[in-house]
file coords-v5.tsv (TSV, C-alpha atoms)
chain	number	residue	atom	x	y	z
A	1	MET	CA	0.00	0.00	0.00
A	2	GLU	CA	1.42	3.35	-1.00
A	3	PRO	CA	1.58	6.00	1.70
A	4	GLU	CA	-0.70	8.82	0.67
A	5	GLU	CA	1.52	11.44	2.19
A	6	GLU	CA	4.54	12.82	0.34
A	7	PRO	CA	5.55	9.85	-1.80
A	8	ARG	CA	8.60	11.77	-2.95
A	9	ILE	CA	11.57	11.06	-0.67
A	10	THR	CA	14.47	13.51	-0.75
A	11	ARG	CA	17.97	12.09	-0.84
A	12	TYR	CA	20.14	12.53	2.22
A	13	ARG	CA	22.82	13.89	-0.08
A	14	THR	CA	20.58	16.78	-1.12
A	15	TYR	CA	20.03	17.73	2.51
A	16	ILE	CA	23.76	17.63	3.24
A	17	PHE	CA	24.60	19.81	0.24
A	18	VAL	CA	21.98	22.34	1.29
A	19	TRP	CA	23.39	22.32	4.81
A	20	MET	CA	26.91	22.94	3.49
A	21	GLY	CA	25.59	25.85	1.45
A	22	LEU	CA	23.92	27.28	4.54
A	23	VAL	CA	27.11	27.02	6.59
A	24	ILE	CA	29.14	28.64	3.81
A	25	LEU	CA	26.64	31.50	3.54
A	26	THR	CA	26.86	31.96	7.30
A	27	GLY	CA	30.62	32.24	6.97
A	28	ILE	CA	30.25	34.77	4.18
A	29	THR	CA	27.84	36.92	6.12
A	30	ALA	CA	30.11	36.88	9.17
A	31	SER	CA	33.16	37.90	7.11
A	32	ALA	CA	31.21	40.57	5.25
A	33	ALA	CA	30.46	42.14	8.60
A	34	GLY	CA	34.19	42.41	9.24
A	35	MET	CA	34.78	44.37	6.04
A	36	GLN	CA	34.22	48.09	5.73
A	37	LEU	CA	31.29	48.05	3.35
A	38	GLY	CA	29.33	50.94	4.83
A	39	GLY	CA	25.67	51.04	3.92
A	40	TRP	CA	25.96	47.93	1.79
A	41	THR	CA	26.53	45.68	4.79
A	42	VAL	CA	22.87	45.65	5.79
A	43	LEU	CA	21.71	44.92	2.28
A	44	ILE	CA	24.24	42.17	1.81
A	45	SER	CA	23.38	40.62	5.19
A	46	LEU	CA	19.68	40.68	4.37
A	47	ALA	CA	20.29	39.28	0.89
A	48	ILE	CA	22.32	36.42	2.33
A	49	ALA	CA	19.73	35.81	5.07
A	50	GLY	CA	17.06	35.77	2.37
A	51	THR	CA	19.03	33.25	0.34
A	52	LYS	CA	19.53	31.02	3.38
A	53	SER	CA	15.82	31.18	4.13
A	54	GLY	CA	15.10	30.36	0.52
A	55	LEU	CA	17.25	27.26	0.77
A	56	VAL	CA	15.55	26.15	3.99
A	57	LEU	CA	12.09	26.79	2.51
A	58	ASN	CA	12.80	25.08	-0.78
A	59	TYR	CA	14.67	21.98	0.36
A	60	PHE	CA	14.13	21.40	4.07
A	61	MET	CA	10.52	22.51	4.07
A	62	HIS	CA	9.88	20.81	0.73
A	63	LEU	CA	8.27	23.82	-0.92
A	64	GLY	CA	10.26	23.07	-4.06
A	65	SER	CA	8.89	19.55	-4.35
A	66	GLU	CA	5.31	20.43	-3.47
A	67	LYS	CA	2.86	19.06	-5.97
A	68	LEU	CA	-0.03	21.30	-4.98
A	69	LEU	CA	0.08	24.79	-6.43
A	70	ILE	CA	-1.50	26.29	-3.37
A	71	PHE	CA	1.69	25.75	-1.38
A	72	LYS	CA	4.17	26.66	-4.10
A	73	VAL	CA	2.27	29.83	-4.95
A	74	MET	CA	0.58	30.95	-1.75
A	75	ILE	CA	3.57	30.87	0.55
A	76	PRO	CA	5.97	32.93	-1.58
A	77	LEU	CA	3.11	35.23	-2.52
A	78	VAL	CA	2.18	35.93	1.09
A	79	MET	CA	5.81	36.50	1.95
A	80	ALA	CA	6.15	38.94	-0.94
A	81	VAL	CA	3.07	40.81	0.28
A	82	PHE	CA	4.52	40.90	3.76
A	83	LEU	CA	7.81	42.20	2.37
A	84	VAL	CA	5.85	45.02	0.74
A	85	PHE	CA	4.22	45.78	4.12
A	86	ILE	CA	7.65	46.10	5.66
A	87	ILE	CA	9.03	48.24	2.84
A	88	LEU	CA	6.02	50.56	2.83
A	89	THR	CA	5.94	50.91	6.61
A	90	PHE	CA	9.64	51.59	6.78
A	91	SER	CA	9.52	54.08	3.91
A	92	ASP	CA	6.71	55.94	5.62
A	93	PHE	CA	8.68	56.06	8.82
A	94	ALA	CA	11.94	57.03	7.14
A	95	PHE	CA	10.41	60.05	5.42
A	96	ARG	CA	8.46	61.44	8.33
A	97	GLY	CA	9.16	64.89	9.68
A	98	GLY	CA	10.47	64.99	13.17
A	99	VAL	CA	9.97	61.88	15.30
A	100	LYS	CA	12.96	61.64	17.66
B	1	MET	CA	-12.50	1.45	11.28
B	2	GLU	CA	-9.99	3.69	9.47
B	3	GLU	CA	-9.61	7.15	10.91
B	4	HIS	CA	-10.28	9.81	8.30
B	5	ARG	CA	-7.15	11.82	7.78
B	6	ASP	CA	-6.57	14.95	5.77
B	7	TYR	CA	-2.84	15.29	5.17
B	8	THR	CA	-3.12	18.33	2.95
B	9	GLY	CA	-5.38	20.02	5.45
B	10	ALA	CA	-2.96	19.34	8.28
B	11	LYS	CA	-0.03	20.67	6.27
B	12	LEU	CA	-2.00	23.72	5.20
B	13	GLY	CA	-2.89	24.36	8.81
B	14	MET	CA	0.75	24.34	9.84
B	15	TRP	CA	1.73	26.66	7.00
B	16	LEU	CA	-1.01	29.11	7.95
B	17	PHE	CA	0.25	29.05	11.51
B	18	ILE	CA	3.79	29.65	10.23
B	19	LEU	CA	2.57	32.68	8.29
B	20	SER	CA	0.96	34.06	11.42
B	21	GLU	CA	4.26	33.59	13.25
B	22	LEU	CA	5.94	35.56	10.47
B	23	LEU	CA	3.60	38.42	11.24
B	24	LEU	CA	4.47	38.18	14.92
B	25	PHE	CA	8.20	38.38	14.39
B	26	GLY	CA	7.88	40.57	11.34
B	27	GLY	CA	6.22	43.27	13.38
B	28	MET	CA	9.17	43.24	15.72
B	29	PHE	CA	11.61	43.33	12.84
B	30	ILE	CA	9.88	46.47	11.57
B	31	LEU	CA	10.22	47.98	15.02
B	32	TYR	CA	13.89	47.03	15.06
B	33	SER	CA	14.51	48.61	11.66
B	34	ALA	CA	12.78	51.84	12.69
B	35	TYR	CA	14.84	52.19	15.88
B	36	ARG	CA	18.06	51.19	14.16
B	37	TYR	CA	17.41	53.75	11.46
B	38	LYS	CA	17.06	56.42	14.10
B	39	ASN	CA	19.98	55.29	16.25
B	40	PRO	CA	22.62	53.79	13.94
B	41	VAL	CA	25.67	54.60	16.06
B	42	ASP	CA	24.12	53.43	19.33
B	43	PHE	CA	23.00	50.18	17.73
B	44	HIS	CA	26.50	49.61	16.40
B	45	HIS	CA	28.09	50.17	19.81
B	46	ALA	CA	25.57	48.01	21.61
B	47	SER	CA	25.96	45.25	19.05
B	48	MET	CA	29.70	45.14	19.73
B	49	GLU	CA	28.92	43.95	23.25
B	50	LEU	CA	27.29	40.78	22.02
B	51	GLU	CA	29.38	37.65	21.62
B	52	VAL	CA	29.67	37.14	17.86
B	53	VAL	CA	31.33	33.77	18.28
B	54	LEU	CA	28.48	32.45	20.41
B	55	GLY	CA	25.92	33.91	18.04
B	56	THR	CA	27.61	32.32	15.03
B	57	LEU	CA	27.88	29.02	16.86
B	58	ASN	CA	24.18	29.15	17.66
B	59	THR	CA	23.43	29.81	14.00
B	60	ILE	CA	25.39	26.72	12.97
B	61	ILE	CA	23.65	24.73	15.71
B	62	LEU	CA	20.19	25.62	14.44
B	63	LEU	CA	21.11	25.09	10.79
B	64	THR	CA	22.42	21.64	11.66
B	65	SER	CA	19.30	20.88	13.68
B	66	SER	CA	17.23	21.69	10.59
B	67	LEU	CA	19.35	19.20	8.66
B	68	THR	CA	18.84	16.48	11.26
B	69	VAL	CA	15.08	16.96	11.51
B	70	ALA	CA	14.68	16.96	7.71
B	71	ALA	CA	16.80	13.81	7.48
B	72	SER	CA	14.76	12.29	10.30
B	73	ILE	CA	11.62	12.62	8.16
B	74	ALA	CA	13.37	11.12	5.15
B	75	ALA	CA	14.50	8.24	7.35
B	76	ILE	CA	11.02	7.40	8.59
B	77	GLN	CA	9.74	7.57	5.02
B	78	ARG	CA	12.32	4.94	4.16
B	79	GLY	CA	11.30	2.80	7.10
B	80	GLN	CA	14.61	3.45	8.87
B	81	ARG	CA	12.99	3.85	12.26
B	82	LYS	CA	16.10	3.73	14.43
B	83	LEU	CA	17.94	6.24	12.25
B	84	SER	CA	14.92	8.51	12.32
B	85	MET	CA	14.89	8.44	16.12
B	86	VAL	CA	18.64	9.03	16.37
B	87	LEU	CA	18.37	12.04	14.04
B	88	LEU	CA	15.42	13.38	15.99
B	89	MET	CA	17.36	13.02	19.24
B	90	ALA	CA	20.24	14.91	17.63
B	91	THR	CA	17.79	17.67	16.73
B	92	LEU	CA	16.59	17.83	20.31
B	93	ALA	CA	20.14	17.89	21.64
B	94	LEU	CA	21.06	20.73	19.30
B	95	GLY	CA	17.93	22.66	20.27
B	96	LEU	CA	18.75	22.30	23.94
B	97	LEU	CA	22.37	23.27	23.27
B	98	PHE	CA	21.09	26.43	21.59
B	99	LEU	CA	19.08	27.25	24.69
B	100	VAL	CA	22.06	26.58	26.97
B	101	ASP	CA	24.18	28.97	24.89
B	102	LYS	CA	21.43	31.55	25.06
B	103	GLY	CA	21.35	31.07	28.81
B	104	PHE	CA	25.06	31.79	29.03
B	105	GLU	CA	24.72	34.85	26.82
B	106	TRP	CA	21.90	36.29	28.82
B	107	GLY	CA	23.62	35.28	32.04
B	108	THR	CA	26.77	37.26	31.29
B	109	LYS	CA	24.76	40.27	30.22
B	110	ILE	CA	22.63	40.19	33.35
B	111	GLU	CA	25.76	39.77	35.48
B	112	HIS	CA	27.07	42.98	33.98
B	113	GLY	CA	23.85	44.66	34.94
B	114	ILE	CA	22.39	44.86	31.45
B	115	TYR	CA	18.79	43.75	31.45
B	116	PRO	CA	15.48	45.52	30.75
B	117	ASN	CA	14.96	48.41	33.15
B	118	SER	CA	18.25	47.90	34.96
B	119	PRO	CA	19.84	51.07	36.35
B	120	THR	CA	23.06	50.29	34.46
B	121	LEU	CA	21.19	50.05	31.19
B	122	LEU	CA	19.01	53.09	31.81
B	123	ALA	CA	22.13	55.14	32.40
B	124	ARG	CA	23.15	54.52	28.79
B	125	THR	CA	22.09	56.34	25.66
B	126	LYS	CA	18.54	55.97	24.45
B	127	GLY	CA	19.58	54.03	21.35
B	128	GLU	CA	21.43	51.44	23.41
B	129	VAL	CA	18.47	51.02	25.74
B	130	LEU	CA	16.31	50.36	22.68
B	131	PHE	CA	18.80	47.88	21.24
B	132	PHE	CA	18.96	45.80	24.38
B	133	GLY	CA	15.22	45.97	24.86
B	134	LEU	CA	14.75	44.58	21.36
B	135	TYR	CA	17.53	42.06	21.93
B	136	TYR	CA	15.93	40.59	25.03
B	137	VAL	CA	12.39	40.57	23.66
B	138	MET	CA	13.20	39.16	20.26
B	139	THR	CA	15.76	36.57	21.29
B	140	GLY	CA	13.59	35.75	24.30
B	141	LEU	CA	10.48	35.16	22.24
B	142	HIS	CA	12.55	33.19	19.76
B	143	GLY	CA	14.02	31.11	22.59
B	144	LEU	CA	10.52	30.38	23.82
B	145	HIS	CA	9.69	29.12	20.35
B	146	VAL	CA	12.76	26.90	20.41
B	147	LEU	CA	11.63	25.50	23.76
B	148	VAL	CA	8.17	24.76	22.43
B	149	GLY	CA	9.76	23.13	19.39
B	150	VAL	CA	11.85	20.92	21.62
B	151	GLY	CA	8.69	19.89	23.45
B	152	VAL	CA	6.78	19.13	20.25
B	153	LEU	CA	9.65	17.16	18.74
B	154	SER	CA	10.02	15.19	21.98
B	155	VAL	CA	6.41	14.10	21.60
B	156	MET	CA	7.16	13.11	18.01
B	157	LEU	CA	10.08	11.01	19.24
B	158	ILE	CA	7.75	9.15	21.58
B	159	LEU	CA	5.24	8.62	18.78
B	160	ILE	CA	7.92	7.12	16.54
B	161	ALA	CA	8.94	4.83	19.39
B	162	LYS	CA	5.33	3.71	19.74
B	163	ASP	CA	5.16	3.21	15.97
B	164	GLU	CA	2.29	5.67	15.72
B	165	ILE	CA	4.49	7.60	13.32
B	166	ASN	CA	5.62	5.23	10.61
B	167	PRO	CA	6.26	5.15	6.85
B	168	MET	CA	2.51	5.08	6.23
B	169	HIS	CA	1.70	8.02	8.49
B	170	PHE	CA	4.29	10.66	9.33
B	171	THR	CA	2.46	13.94	8.75
B	172	PRO	CA	2.77	15.01	12.42
B	173	LEU	CA	6.55	14.67	12.16
B	174	GLU	CA	6.62	16.52	8.86
B	175	ASN	CA	4.56	19.39	10.27
B	176	SER	CA	6.64	19.56	13.43
B	177	GLY	CA	9.66	19.76	11.16
B	178	LEU	CA	8.07	22.70	9.34
B	179	TYR	CA	7.67	24.50	12.66
B	180	TRP	CA	11.28	23.80	13.53
B	181	HIS	CA	12.51	25.17	10.20
B	182	LEU	CA	10.53	28.34	10.86
B	183	VAL	CA	12.35	28.76	14.17
B	184	ASP	CA	15.60	28.32	12.25
B	185	ILE	CA	14.60	30.91	9.63
B	186	ILE	CA	13.72	33.48	12.29
B	187	TRP	CA	17.16	33.04	13.81
B	188	ILE	CA	18.75	33.31	10.35
B	189	PHE	CA	17.46	36.88	10.34
B	190	LEU	CA	18.01	37.66	14.02
B	191	TYR	CA	21.68	36.70	13.83
B	192	PRO	CA	22.99	39.31	11.35
B	193	LEU	CA	20.67	42.01	12.63
B	194	PHE	CA	21.85	41.78	16.22
B	195	TYR	CA	25.36	40.37	16.07
B	196	LEU	CA	26.79	41.74	12.85
B	197	ILE	CA	26.05	45.44	12.88
B	198	THR	CA	29.03	47.36	11.52
call {"tool": "encode", "arguments": {"input": "coords-v5.tsv", "output": "structure tokens"}}
result
Amino acid sequence: MEPEEEPRITRYRTYIFVWMGLVILTGITASAAGMQLGGWTVLISLAIAGTKSGLVLNYFMHLGSEKLLIFKVMIPLVMAVFLVFIILTFSDFAFRGGVK
Amino acid sequence: MEEHRDYTGAKLGMWLFILSELLLFGGMFILYSAYRYKNPVDFHHASMELEVVLGTLNTIILLTSSLTVAASIAAIQRGQRKLSMVLLMATLALGLLFLVDKGFEWGTKIEHGIYPNSPTLLARTKGEVLFFGLYYVMTGLHGLHVLVGVGVLSVMLILIAKDEINPMHFTPLENSGLYWHLVDIIWIFLYPLFYLIT
């Protein structure tokens, strides 16, 4: 009898490669902090954090191998909407007059 | 009689919960970005007082724990019950190690008189007070989530031992894994924002 849940089994090797990538990205973000990159540091750190999260979401959380569209589409879509919330809220705050 | 099970529904439920958790932490991240924007120098100075080595170690610990829990699910799918349990125990050990490290971090800070509303902290600049307030609240709430995750995964371990989670039915483990990965992702963002401010 076939299990009805998640018949696709990820290879251990895939998980280990993803883990290595995550560790390497952690190393990169830590070293980038040590360099004098000025305003770019935040952006680079966030970009790397975003990439790491993307790896976790896609491989560990199986979003990449999801068969149902609702997961593959809804999750990234909601996160994109939430990112817009953050950007809009922060932009509003950043351009306000005189809050201390 | 066969119990009716809705695997997709269960998974969807966990994802919806995860999205609500994103709102919870996301709100705090917005607050953090607003205060950091207003107090860049103070945040930088305060950040220097955190132990980068411990923070980096904790990041590696959680990343590895995500690996072990994901592999644990793959193992049970393959019918490798013992391996699945070993990997799950490794996940639990790593989660607890994370909390121990956190305990040390907080411990040293508190020893130096830096904790919310402490006279030592209040004597500092406003920006530093804000930084440490955010630090304690955000890492504290995150730590609470790690603790809950450890509890949930412990229950999963027991269920595997009782063979109630098996190759035919492992959705509870899969969903618990999803929750654990969320905890990892939150830390992936907390780490650079608190420990690596230059």
call {"tool": "residues_around", "arguments": {"input": "coords-v5.tsv", "residues": "Gln77 in chain B", "least_positions_apart": "5", "cutoff": "8 Å", "atoms": "all atoms listed in the file", "output": "list in words"}}
result
Ile9 of chain A; Asn166, Pro167, Met168 and Phe170 of chain B
call {"tool": "closest_residue", "arguments": {"input": "coords-v5.tsv", "among": "B:Gly127, B:Gly95, B:Gly107, B:Gly133", "to": "chain A", "atoms": "all atoms listed in the file"}}
result
B:Gly127
call {"tool": "interface_residues", "arguments": {"input": "coords-v5.tsv", "of": "chain A", "to": "chain B", "cutoff": "6 Å", "atoms": "all atoms listed in the file", "output": "list in words"}}
result
Pro3, Ala33, Ala49, Ser53, Phe60 and Met61 of chain A
call {"tool": "atom_distance", "arguments": {"input": "coords-v5.tsv", "atom1": "CA of Val81 in chain A", "atom2": "CA of Gly21 in chain A"}}
result
27.1 Å
call {"tool": "closest_residue", "arguments": {"input": "coords-v5.tsv", "among": "B:Leu54, B:Met28, B:Met14, B:Leu96", "to": "Leu147 in chain B", "atoms": "only C-alpha atoms"}}
result
B:Leu96
call {"tool": "atom_distance", "arguments": {"input": "coords-v5.tsv", "atom1": "CA of Ile110 in chain B", "atom2": "CA of Gly140 in chain B"}}
result
13.5 Å
call {"tool": "closest_residue", "arguments": {"input": "coords-v5.tsv", "among": "A:Leu63, A:Leu68, A:Val23, A:Val18", "to": "Asn58 in chain B", "atoms": "only C-alpha atoms"}}
result
A:Val23
call {"tool": "atom_distance", "arguments": {"input": "coords-v5.tsv", "atom1": "CA of Val42 in chain A", "atom2": "CA of Asn117 in chain B"}}
result
28.6 Å
call {"tool": "closest_residue", "arguments": {"input": "coords-v5.tsv", "among": "A:Thr26, A:Ser65, A:Ser31, A:Gln36", "to": "Lys52 in chain A", "atoms": "only C-alpha atoms"}}
result
A:Thr26
